[in-house]
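> I am attaching a structure below and will ask some questions about it afterwards.
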Amino acid sequence: MQKRVAICAVAQIKNDPNLWYARFQNMLLECFEGIMSQTNVTFDMEKGIRTVITCSDDVWDARTISNNGMTDVVGAHFRGEEKMAQESLNGLGYAMASILSGHDDVVLFMGHMKESQPESRNMCTNLAFDPFYCRPLGMDFVNVNAMQARAYMEKAKITEEHLAKVVVRARKNASKNPFARENDPVSEEDVMKSPLLADPLRQLHYYPSTDWAFGMLLCSEERAKEFTDKPVWITGYASCMDSYFLGDKDLTSNFSLKNATERALKKAGIKDIKKDIQLFELCDHAAYQLPMWAEGIGLVNDGYGGRWVDDGGMDEFNVNVSGGMLNGNPLLLGGAARAIECFYQLRGEAGERQVKGAKRALAQSTYGAAGQHQAVVIFEV
Amino acid sequence: MAHKKNRNVAIIGVGQTKHSSHREDVNQPELIHEAVSAALKDANISIKDVDCIVHGNMELFEMIHQPDLWHVLGTGAYGKDSIRITTGGTVGTTLACASDNLVASGMYDIVMAIGFQKLQEGHTTGGITNMADPLWFRNLQTGALTGSTAYDVIQEFGEERAKRAAMMYRIIMDKHACLNPNAHRAFGLDFDQVETLMNTSPKLVGELRLIHMCSQSDGACAVIFASEKKAKELSKKPVWIRDHITIHREETFNIFGYHKNYPVLKTHKFAAEQLFKRNDITNPLEYFDVFEMYDPAAWWGLDWLRDFFFLKGDEHLRLVENKEIMIDGSMPINPSGGVIATNPIGATALLRVAEAALQVRGDAGAHQIPKEVKHALASGFGGTMWTVLMMLEKELNW
Amino acid sequence: MEYWGVKVSDIFDTMNDRFRPEGAKGVTAKFGYDITGEGKWKIIVSEGLLEVIKTDDISDCVAVMVCDGETFVGINIGKVDAANAFTSGKVKIEGDFGQFGKTAKMFKKYVPKKAAMSTRDYILDMFGTLVSRFQPQNAPQEAVIVYDIGGADGGVWTAYIKDGKCELKEERAEKFTVKLEVQDAKDWVDVMLGKVDAFSLLSAGKAAIVGETQLALKLGEIFKKYQDPMASGTPEQELIVLKKIISVDQKFSTGPVMGKFLNALKEKKILGNKCPKCGRIQLPAREVCAVCRVRVDEWVEVGPKGQVRYMEYVYYASPDPLTGETRETPYGMANILLDGCQGNDTFAHLIRRDQIDRIKGGKDDVSGTRVRPVWNEHRTGSIFDIKYFEIDE
């Protein structure tokens, strides 16, 4: 087991379908001020924040070096700043490394993303494919996820009814989360009748376009008491990359998630996740991914996702009580949103949706088509 | 004394491609694979020994979103921890700093940093201009091209001396590039061309001329970092990372007032001061044996010597005029030929670290400096005048 | 003079055949070529038609390329990097550089004509280069290798290796270490060029090894690989470069702060916001003062006149990434200290193009050229509600 780092404070704005009246600087500034007022942290070169880690993306911001325009609103003028140009949960892992290395003892981690800015999300994710073969074929994260959905539903005996159940539950849970995107409540019938995006994925099976920003303050174990009475500890992080071409992998194998989970648990010294972890936050970009990722982290046996949904596994194991990615977080920031839910829950500050007695939590996130890259972080109090 | 660290980290392998404006013979993952294979061979390990891959470049130059997903075909990240960290032109040094942090943290024993760019697959100056705010400065900016440093040096030292010194700097870099088989541009310039080139090379912005400016290259670089224990087991010549620092500044350029009552704080100088202070280095010019500097243009390279080494008056000009920055001089700068010769942006700053490490090992071949290298410095530059500095050491003596 | 087997005149003589009317769309101009020591040429492009003339009178050309014959041929056949030649001054463009750039799209690539090599030519070349390809570090101390190549194009050669040296004679040695027998010379050429592998010849019975087989298998190490002179560095397969324009429409929000700044421009007002701590005025307005890390809420109207502190004199025509259009050069981008601002609180904008040569930057208490904004009649809340600044006289 390795050393741990503390999350001392989090700040966020409400997830919103279209923050047309704000540019990302406005969104970040609110979060920045939230962290400053909660912790009174400074930017002193000896004792304060020397390094800010940010999360954003050049394609989504239509901006080379997307972190360039945020230096001032994250306080990084004449300080260090490094951008996690990948799914945000990896930013937490990297912040952990920066602190455990001894190079930094206080790190500010901030991220933003406006999915409402580009005309089409699929045009952006199409650019994640090679220009010669997959891109001209029109691949994007939605239609490749649909291929994975088809294969996984077959394997785990997932039906339209299961997916509808997942969606309805996500919206219900999110309605108790004041920072969640406000969506209309839907019935299982609404879900099953919603238009197809890419067969078998329907519109309501997929997370809606969202704008959001967040901030977190992390520090070393020794210094946590300076900033909070209730630190939440990060005890393990790992990620894993799968192969690129769809033909090179079994889309239902959960190869990268299994590896990432195994490594993160080992670092955190956890043997039995069902016993030792009481809360799970998974990045379900689409409804089928909730049972699939639950299999990947070892909460459900391979191929039993359908039965697990039937048997009430989602509630039994406290999976996505926040409403999950499915209710709406921006693509790049789903992992940060999961981490923030773990933070609130473990501190006992989750209000109406509070899970009693949760001591440890697991957050998972993914990027790329069909879960190519996966990351897992373990928290505890 | 060095900056505190959980455990020590060393570079145990470096690899790079031949850099060129014409690498149509390979696609992006293939280009990366060349550098990765070279680094693994140099470290005498296999990809199985690597725990984590750190990937970086700038997406809009090639218009590939999160390219680490496709590049897994060449990076070797399959089945491994894999993250992507970027800054700007500084990204290569950021990858090195991140790798150092990841290993020092105890989370990974061996980490490989991969910097990459294939600038011929997009429009470089257009891509850089895209970093400006779309609401105002994007309409005005011209990439990273600016004549302001030329203007400053000319104002301070007179036109003749300034232009001559900048061209001397340029020709010295070309002489170094001619010694480096991987360099993109090596023209074979000679000192008797100073006069001609400083007056006839086409102008880009003000007195910044085409010959002063860096190239646009295709290329990749990979550097392997290992924990102290692993490094001592695996490497005969580990190069130790002593410390690093990153300093950014705001997006707006509030630096053009030209009034003595309103001095401008410079990132390079601030970074160097902070880094050297916490490592008890009072005279960096004396301390370091070689400096691989991210010098995107001859004027900048010339001017920045003053910032990094705390020089006074015209000391930096004299270093150049007296050829002290040449490979056999007292303070060799960029024996590799530097950024003016070779610039695949996402790899450029990592090449500075890689080349500095080769110098410490004594393995730089024809461009090895002819004296022992114990202390090396590497810098990155990018964004709106951002700085990253990394210090490399031959001996682990702290 | 020939360079890489190509004459300067070959390039010009084939221009008509290589002309691409679609690449010359909208171009009507005369371009000159002054090739040192070779002569001068002029090409006239008009409405999709091309005329190439060898003439000394190129004074009426809009742009003239000046370089030596080697560089010119080298660029045309891909042996010399055009950008490098230009940067290092080996190529100069006199006149309108932007116009000359258009010639790049007008012609298909020049492909040098090649005389085919016969099987006999190859056989002679292979044995002619054998000694130069010898690698003593990989060779045995002593060996005699006989090559018995059959057919009309064939012959018999013997390589004598001794003490790190190799000697080749056109003769049949009776005492040898190993003998290679190939029935048809053409097969041997194919093996050497890598088109056929030696094992398939052996197994097909078209070739045989007599003597020490082990040594025969090491021949690839004893002699460096034969390089096809006809390949002359060109790749074995055509390389395809995929060209695409990628565009995703964007909606950039201004937010309240930038929004207020841009809205004020509609009213011909320039608003900066002033830091409550250090007092600096930010143009354009920013959400925070980066130095003090505080929100900036106080607004002040500044200018609209001011003085230039520094101007970028830009010669390089960079495309505007928002529109794709290339700006006219030269132009001036100035940092202007608007009245009411101080220190480094300058505002960046363009200078009227015909006035850029008259602009002087200020220093310390000495003022730079005084300028005033020229407003667009139709203002939309954009940075270009100000067309540019002009000299205030």
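So you can find residues: chains in the structure tokens are A, B, ... in the order shown, residues in each start at 1, and ligands are numbered from 1 in order.
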Could you list, as a VMD selection string, every residue within 8 Å of region 143-151 of chain A, counting only C-alpha atoms and ignoring same-chain residues fewer than 6 positions away?
chain A and resid 197 to 201 251 to 252 288 to 289 369 to 370
> Would you export the selected residues with N, CA and C atoms as a PDB file, in the first residue's frame, please?

ATOM      1  N   LEU A 197     -30.601   6.564 -31.969  1.00  0.00           N
ATOM      2  CA  LEU A 197     -29.423   7.318 -32.408  1.00  0.00           C
ATOM      3  C   LEU A 197     -28.584   6.431 -33.322  1.00  0.00           C
ATOM      4  N   ALA A 198     -28.283   5.262 -32.843  1.00  0.00           N
ATOM      5  CA  ALA A 198     -27.555   4.251 -33.606  1.00  0.00           C
ATOM      6  C   ALA A 198     -27.989   2.939 -32.971  1.00  0.00           C
ATOM      7  N   ASP A 199     -28.673   2.152 -33.705  1.00  0.00           N
ATOM      8  CA  ASP A 199     -29.284   0.939 -33.195  1.00  0.00           C
ATOM      9  C   ASP A 199     -28.247   0.083 -32.443  1.00  0.00           C
ATOM     10  N   PRO A 200     -28.449  -0.321 -31.206  1.00  0.00           N
ATOM     11  CA  PRO A 200     -29.692  -0.236 -30.415  1.00  0.00           C
ATOM     12  C   PRO A 200     -29.762   0.972 -29.476  1.00  0.00           C
ATOM     13  N   LEU A 201     -28.872   1.961 -29.644  1.00  0.00           N
ATOM     14  CA  LEU A 201     -28.872   3.086 -28.711  1.00  0.00           C
ATOM     15  C   LEU A 201     -29.965   4.084 -29.075  1.00  0.00           C
ATOM     16  N   LEU A 251     -15.250  -6.532 -27.858  1.00  0.00           N
ATOM     17  CA  LEU A 251     -15.865  -5.317 -27.321  1.00  0.00           C
ATOM     18  C   LEU A 251     -16.543  -5.553 -25.971  1.00  0.00           C
ATOM     19  N   THR A 252     -16.791  -6.797 -25.606  1.00  0.00           N
ATOM     20  CA  THR A 252     -17.488  -7.054 -24.338  1.00  0.00           C
ATOM     21  C   THR A 252     -16.539  -7.528 -23.246  1.00  0.00           C
ATOM     22  N   TYR A 288     -26.423   1.051 -21.313  1.00  0.00           N
ATOM     23  CA  TYR A 288     -25.875  -0.318 -21.258  1.00  0.00           C
ATOM     24  C   TYR A 288     -24.558  -0.362 -20.490  1.00  0.00           C
ATOM     25  N   GLN A 289     -23.861   0.801 -20.415  1.00  0.00           N
ATOM     26  CA  GLN A 289     -22.536   0.807 -19.789  1.00  0.00           C
ATOM     27  C   GLN A 289     -22.615   0.640 -18.274  1.00  0.00           C
ATOM     28  N   ALA A 369     -13.776   5.404 -27.878  1.00  0.00           N
ATOM     29  CA  ALA A 369     -14.958   4.646 -28.248  1.00  0.00           C
ATOM     30  C   ALA A 369     -14.960   3.312 -27.527  1.00  0.00           C
ATOM     31  N   ALA A 370     -16.138   2.863 -27.119  1.00  0.00           N
ATOM     32  CA  ALA A 370     -16.305   1.538 -26.518  1.00  0.00           C
ATOM     33  C   ALA A 370     -15.343   1.307 -25.360  1.00  0.00           C
TER      34      ALA A 370
END
> Pick out the residues sitting within 8 Å of Val308 (chain C), and hand them over as number ranges by chain; count only C-alpha atoms, and ignore anything fewer than 5 positions along from it in its own chain.
C: 334-337, 359-362, 367-371
> I need the chosen residues saved as a compact mmCIF listing (two decimals), in the first residue's frame, with C-alpha atoms.

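What landed in again-v2.txt:
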# COMPACT_ATOMS: atom_id res chain seq x y z
CA ALA C 334 0.21 47.92 -32.68
CA ASN C 335 0.15 48.00 -28.91
CA ILE C 336 -1.57 51.27 -28.17
CA LEU C 337 -1.59 53.03 -24.81
CA ILE C 359 4.48 54.85 -36.94
CA LYS C 360 7.00 55.30 -34.15
CA GLY C 361 6.87 53.53 -30.79
CA GLY C 362 7.15 55.49 -27.55
CA SER C 367 5.20 59.60 -26.65
CA GLY C 368 4.83 57.33 -29.64
CA THR C 369 2.79 58.29 -32.71
CA ARG C 370 -0.67 59.54 -31.68
CA VAL C 371 -3.48 57.47 -33.17
> Based on only C-alpha atoms, which of the residues in chain C come within 8 Å of chain B? I want them as an MDAnalysis selection string.
chainID C and resid 84 87:89 239 241 246 252 254 290 309:310 312:316 318:322 333 335 337 342:346 348:350 362:365 382:383
> Please tabulate, as a tab-separated table, the residues of chain C that come within 7 Å of chain A, each with its closest pair of atoms and the distance in Å to one decimal, counting only C-alpha atoms and ordering rows by chain, then residue number upward.

residue	atom	partner	partner_atom	distance
C:Val248	CA	A:Pro118	CA	6.5
C:Asp249	CA	A:Glu119	CA	5.3
C:Gln250	CA	A:Pro118	CA	4.5
C:Lys251	CA	A:Gln117	CA	5.0
C:Phe252	CA	A:Gln117	CA	6.4
C:Ser253	CA	A:Arg23	CA	5.1
C:Thr254	CA	A:Arg23	CA	5.7
C:Gly255	CA	A:Ala22	CA	4.0
C:Pro256	CA	A:Ala22	CA	6.9
C:Glu287	CA	A:Asn26	CA	6.9
C:Val288	CA	A:Val73	CA	6.3
C:Ala290	CA	A:Asp72	CA	4.4
C:Val291	CA	A:His77	CA	6.5
C:Arg293	CA	A:Gly75	CA	5.9
> Write out, as a PDB file, in the first residue's frame, the residues just selected, with C-alpha atoms.

ATOM      1  CA  VAL C 248     -16.761  22.201 -36.981  1.00  0.00           C
ATOM      2  CA  ASP C 249     -18.954  25.272 -36.509  1.00  0.00           C
ATOM      3  CA  GLN C 250     -18.621  26.945 -33.123  1.00  0.00           C
ATOM      4  CA  LYS C 251     -20.678  29.279 -30.945  1.00  0.00           C
ATOM      5  CA  PHE C 252     -18.260  31.265 -28.802  1.00  0.00           C
ATOM      6  CA  SER C 253     -19.964  32.847 -25.776  1.00  0.00           C
ATOM      7  CA  THR C 254     -18.727  36.239 -24.662  1.00  0.00           C
ATOM      8  CA  GLY C 255     -19.823  36.031 -21.037  1.00  0.00           C
ATOM      9  CA  PRO C 256     -20.786  39.186 -19.145  1.00  0.00           C
ATOM     10  CA  GLU C 287     -12.789  38.443 -15.549  1.00  0.00           C
ATOM     11  CA  VAL C 288      -9.931  38.706 -13.062  1.00  0.00           C
ATOM     12  CA  ALA C 290      -4.136  37.677 -13.065  1.00  0.00           C
ATOM     13  CA  VAL C 291      -1.529  39.352 -10.874  1.00  0.00           C
ATOM     14  CA  ARG C 293      -6.115  36.950  -8.369  1.00  0.00           C
TER      15      ARG C 293
END
> From the list B:Thr342, B:Thr267, B:Asn397, B:Ser217, which residue is nearest chain A when using only C-alpha atoms?
B:Thr267
> Using DSSP secondary structure from the backbone, list all strand (DSSP E or B) positions within region 231-295 of chain C, as a count of residues only.
12
> Out of A:Val355, A:Met84, A:Ala264, A:Cys134, which residue has the shortest atom-to-atom distance to chain B when counting only C-alpha atoms?
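Between A:Val355, A:Met84, A:Ala264, A:Cys134, the residue approaching chain B most closely is A:Met84.
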> Any chance you could tabulate, as JSON lines, the residues of chain B at most 6 Å from chain A with each one's nearest atom pair and distance in Å to one decimal, using only C-alpha atoms, in chain and rising number order?

{"residue": "B:Lys4", "atom": "CA", "partner": "A:Gly102", "partner_atom": "CA", "distance": 6.0}
{"residue": "B:Lys5", "atom": "CA", "partner": "A:Gly102", "partner_atom": "CA", "distance": 4.5}
{"residue": "B:Asn6", "atom": "CA", "partner": "A:Ser101", "partner_atom": "CA", "distance": 5.0}
{"residue": "B:Leu60", "atom": "CA", "partner": "A:Thr64", "partner_atom": "CA", "distance": 5.8}
{"residue": "B:Ile64", "atom": "CA", "partner": "A:Leu127", "partner_atom": "CA", "distance": 5.3}
{"residue": "B:His65", "atom": "CA", "partner": "A:Ala128", "partner_atom": "CA", "distance": 4.2}
{"residue": "B:Gln66", "atom": "CA", "partner": "A:Ala128", "partner_atom": "CA", "distance": 5.9}
{"residue": "B:Trp70", "atom": "CA", "partner": "A:Tyr244", "partner_atom": "CA", "distance": 5.7}
{"residue": "B:Tyr78", "atom": "CA", "partner": "A:Met241", "partner_atom": "CA", "distance": 5.2}
{"residue": "B:Gly79", "atom": "CA", "partner": "A:Met241", "partner_atom": "CA", "distance": 5.3}
{"residue": "B:Lys80", "atom": "CA", "partner": "A:Cys240", "partner_atom": "CA", "distance": 5.0}
{"residue": "B:Asp81", "atom": "CA", "partner": "A:Cys240", "partner_atom": "CA", "distance": 4.5}
{"residue": "B:Arg84", "atom": "CA", "partner": "A:Ala85", "partner_atom": "CA", "distance": 5.4}
{"residue": "B:Ile85", "atom": "CA", "partner": "A:Met84", "partner_atom": "CA", "distance": 4.7}
{"residue": "B:Thr86", "atom": "CA", "partner": "A:Lys83", "partner_atom": "CA", "distance": 5.3}
{"residue": "B:Thr87", "atom": "CA", "partner": "A:Glu82", "partner_atom": "CA", "distance": 5.7}
{"residue": "B:Gly88", "atom": "CA", "partner": "A:Ile65", "partner_atom": "CA", "distance": 5.7}
{"residue": "B:Asn101", "atom": "CA", "partner": "A:Ser101", "partner_atom": "CA", "distance": 5.2}
{"residue": "B:Leu102", "atom": "CA", "partner": "A:Ala97", "partner_atom": "CA", "distance": 5.2}
{"residue": "B:Ala104", "atom": "CA", "partner": "A:Ser101", "partner_atom": "CA", "distance": 4.6}
{"residue": "B:Ser105", "atom": "CA", "partner": "A:Ser101", "partner_atom": "CA", "distance": 3.7}
{"residue": "B:Asn130", "atom": "CA", "partner": "A:Thr64", "partner_atom": "CA", "distance": 5.4}
{"residue": "B:Met131", "atom": "CA", "partner": "A:Thr64", "partner_atom": "CA", "distance": 4.3}
{"residue": "B:Thr246", "atom": "CA", "partner": "A:Gly80", "partner_atom": "CA", "distance": 4.5}
{"residue": "B:Ile247", "atom": "CA", "partner": "A:Gly80", "partner_atom": "CA", "distance": 4.6}
{"residue": "B:His248", "atom": "CA", "partner": "A:Phe78", "partner_atom": "CA", "distance": 5.2}
{"residue": "B:Arg249", "atom": "CA", "partner": "A:His77", "partner_atom": "CA", "distance": 4.3}
{"residue": "B:Glu250", "atom": "CA", "partner": "A:Thr71", "partner_atom": "CA", "distance": 5.3}
{"residue": "B:Glu251", "atom": "CA", "partner": "A:Gly69", "partner_atom": "CA", "distance": 5.6}
> Selected residues, C-alpha atoms, written as a short mmCIF file (atom, residue, chain, number, x, y, z; two decimals), in the first residue's frame, please.

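This went into out_3.cif:
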data_model
loop_
_atom_site.label_atom_id
_atom_site.label_comp_id
_atom_site.auth_asym_id
_atom_site.auth_seq_id
_atom_site.Cartn_x
_atom_site.Cartn_y
_atom_site.Cartn_z
CA LYS B 4 12.61 17.56 -1.65
CA LYS B 5 11.51 14.41 -3.37
CA ASN B 6 9.88 11.17 -2.27
CA LEU B 60 -5.17 21.02 -33.62
CA ILE B 64 -6.68 14.39 -34.20
CA HIS B 65 -8.75 14.41 -31.01
CA GLN B 66 -7.10 12.60 -28.08
CA TRP B 70 -5.09 5.90 -32.21
CA TYR B 78 -1.73 -1.41 -24.78
CA GLY B 79 -2.67 -2.88 -21.40
CA LYS B 80 -0.71 -0.23 -19.52
CA ASP B 81 -1.48 2.85 -17.50
CA ARG B 84 -1.93 12.44 -21.67
CA ILE B 85 -0.58 15.70 -20.33
CA THR B 86 -0.02 18.81 -22.38
CA THR B 87 0.85 22.45 -22.00
CA GLY B 88 1.96 24.34 -25.12
CA ASN B 101 6.51 13.07 -10.67
CA LEU B 102 4.88 9.76 -11.56
CA ALA B 104 9.03 9.82 -7.73
CA SER B 105 5.54 9.32 -6.28
CA ASN B 130 -5.81 29.32 -32.98
CA MET B 131 -4.58 29.55 -29.41
CA THR B 246 6.95 25.25 -14.50
CA ILE B 247 5.95 28.90 -14.74
CA HIS B 248 3.03 30.16 -16.81
CA ARG B 249 1.69 33.62 -17.33
CA GLU B 250 -1.63 35.14 -18.29
CA GLU B 251 -3.05 35.16 -21.80
#
> According to DSSP computed on the backbone, where in region 151-370 of chain A is there helix (DSSP H, G or I)? Give the residues as a PyMOL selection string.
chain A and resi 151-156+160-174+188-193+203-205+221-226+246-248+255-268+273-276+289-296+305-310+313-316+325-327+331-347+351-353+369-370
> Got a sec: who's within 6 Å of Tyr388 (chain C), counting only C-alpha atoms, leaving out chain neighbours fewer than 4 positions off, as a ChimeraX atom specification?
/C:350-352,373-374
> Can you tell me, as a PyMOL selection string, what residues are no more than 9 Å from Glu188 (chain A) when counting only C-alpha atoms, ignoring any on the same chain fewer than 5 positions away?
chain A and resi 161+163-165+167-168+193
